[in-house]
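Below is one structure, written out as C-alpha cells, with a few remarks after it.
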Amino acid sequence: MTGKAKTSEPQADPAVSVVGPHDGEMIVLGATRMRVLEDGSHTGHRLAIAESVLAPHTQGPPQHRHGQHDEGFYVLSGTVRFTVGDEDYDAASGTLVMVPPGTPHTFANLTDQPAVMLSTFTPDLYVQYFRDLHEVLASGQPLTPRANIDTMSRYATQPATDLA
C-alpha cells in the first residue's frame with residue numbers, strides 16, 4: 001500500500017507511504033542490487049532511502065565527494081569496508097556511517113559473504129544517479145570510468161582524484 005503525495009507543500013492529511021518487503025523499485029548494477037524504498041516523492045524530496053545488497057568481493061564506486069547531499073549507510077548484515085580519504089573502516093552489522101557533503105568516500109564488500117546496507121540521501125538528489133547507471137547497463141553499453149564520472153557530475157558529485 002502506497003499513498004501518493006501530490007506536492008511537497010504541507011498537506012492537511014499527509015499521505016503515508018508503506019513499502020513492503022517485496023516492494024520498491026529494483027535497480028541492478030552489476031553484482032549490486034539496490035531496492036529504492038523512498039525516492040523522495042513522499043518526503044518533499046528531503047530524503048531518499050535505499051537497501052543495497054553487495055555481493056561478496058564487490059568493489060564500490062571510485063572515491064568521490066557529494067557537493068549537495070549527505071549520505072548515510074547503516075550496515076544491516078555482513079561487513080562493509082568504507083574508505084574515507086586515506087582511512088579505512090570495517091563496518092560490521094549495526095554500524096552507521098554518515099558522510100557529509102565534501103567528504104571523499106567509497107565502500108566495498110571484501111568478504112566471502114553478501115553485505116546489506118540501508119542508505120539515506122538527504123536531499124534525494126542521488127537516487128537518479130543509480131537509475132541513470134542502470135539505464136547505461138540495460139542499453140548494453142559498458143559502464144566506463146568516463147561514463148560513471150559524467151553521470152556523477154549531473155548530481156553534484158565529483159571523483160576524489162586527489163586521492164586516486
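Residue numbering restarts at 1 in every chain; chains get A, B, ... in the order shown in the C-alpha cells, and ligands count up from 1 in that same order.
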Taking only residues of region 23-55 of chain A that have an atom at most 9 Å from an atom of region 114-128 of chain A, what is each one's shortest atom pair and its distance in Å to one decimal, using only C-alpha atoms, in chain and number order, as CSV?
residue,atom,partner,partner_atom,distance
A:Val36,CA,A:Val127,CA,8.0
A:Glu38,CA,A:Asp124,CA,8.8
A:Asp39,CA,A:Asp124,CA,6.4
A:Gly40,CA,A:Asp124,CA,5.3
A:Ser41,CA,A:Asp124,CA,8.8
A:Thr43,CA,A:Asp124,CA,8.9
A:His45,CA,A:Asp124,CA,5.3
A:Arg46,CA,A:Pro123,CA,4.3
A:Leu47,CA,A:Thr122,CA,4.7
A:Ala48,CA,A:Asp124,CA,4.7
A:Ile49,CA,A:Thr120,CA,4.6
A:Ala50,CA,A:Ser119,CA,5.2
A:Glu51,CA,A:Leu118,CA,4.4
A:Ser52,CA,A:Met117,CA,5.2
A:Val53,CA,A:Val116,CA,4.5
A:Leu54,CA,A:Ala115,CA,5.1
A:Ala55,CA,A:Pro114,CA,4.7
Write down as a VMD selection string the residues of chain A whose backbone DSSP state falls under alpha helix (DSSP H). chain A and resid 127 to 138 145 to 153
So how many Å separate CA of His22 (chain A) and CA of Gly140 (chain A), to one decimal?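 CA of Gly140 (chain A) lies 26.9 Å from CA of His22 (chain A).
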Long-range neighbours of region 83-92 of chain A as a list in words, 7 Å cut-off, only C-alpha atoms, 2 positions minimum in chain: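 Counting only the stated atoms, we get Val75, Gly78, Thr79, Val80, Arg81, Gly94, Thr95, Pro104, His105, Thr106, Phe107 and Leu163 of chain A.
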May I have all residues of chain A that DSSP, computed from the backbone, assigns to strand (DSSP E or B), given as a ChimeraX atom specification? /A:2,17,25-29,32-38,48-54,58-59,64-66,70-77,79-84,87-92,96-99,105-109,115-122,157-159
Using only C-alpha atoms, which of A:Phe130, A:Ile149, A:Ala156, A:Val18 sits nearest Pro62 (chain A)?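 Of the candidates, the smallest distance to Pro62 (chain A) is held by A:Ile149.
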Give me the residues within 10 Å of His134 (chain A) as a PyMOL selection string, counting only C-alpha atoms and dropping any in the same chain fewer than 2 places off. chain A and resi 26-30+128-132+136-139+143
Enter the distance from CA of Gln68 (chain A) to CA of Gly20 (chain A), in Å, rounded to one decimal.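 Calculated distance between CA of Gln68 (chain A) and CA of Gly20 (chain A) is 29.6 Å.
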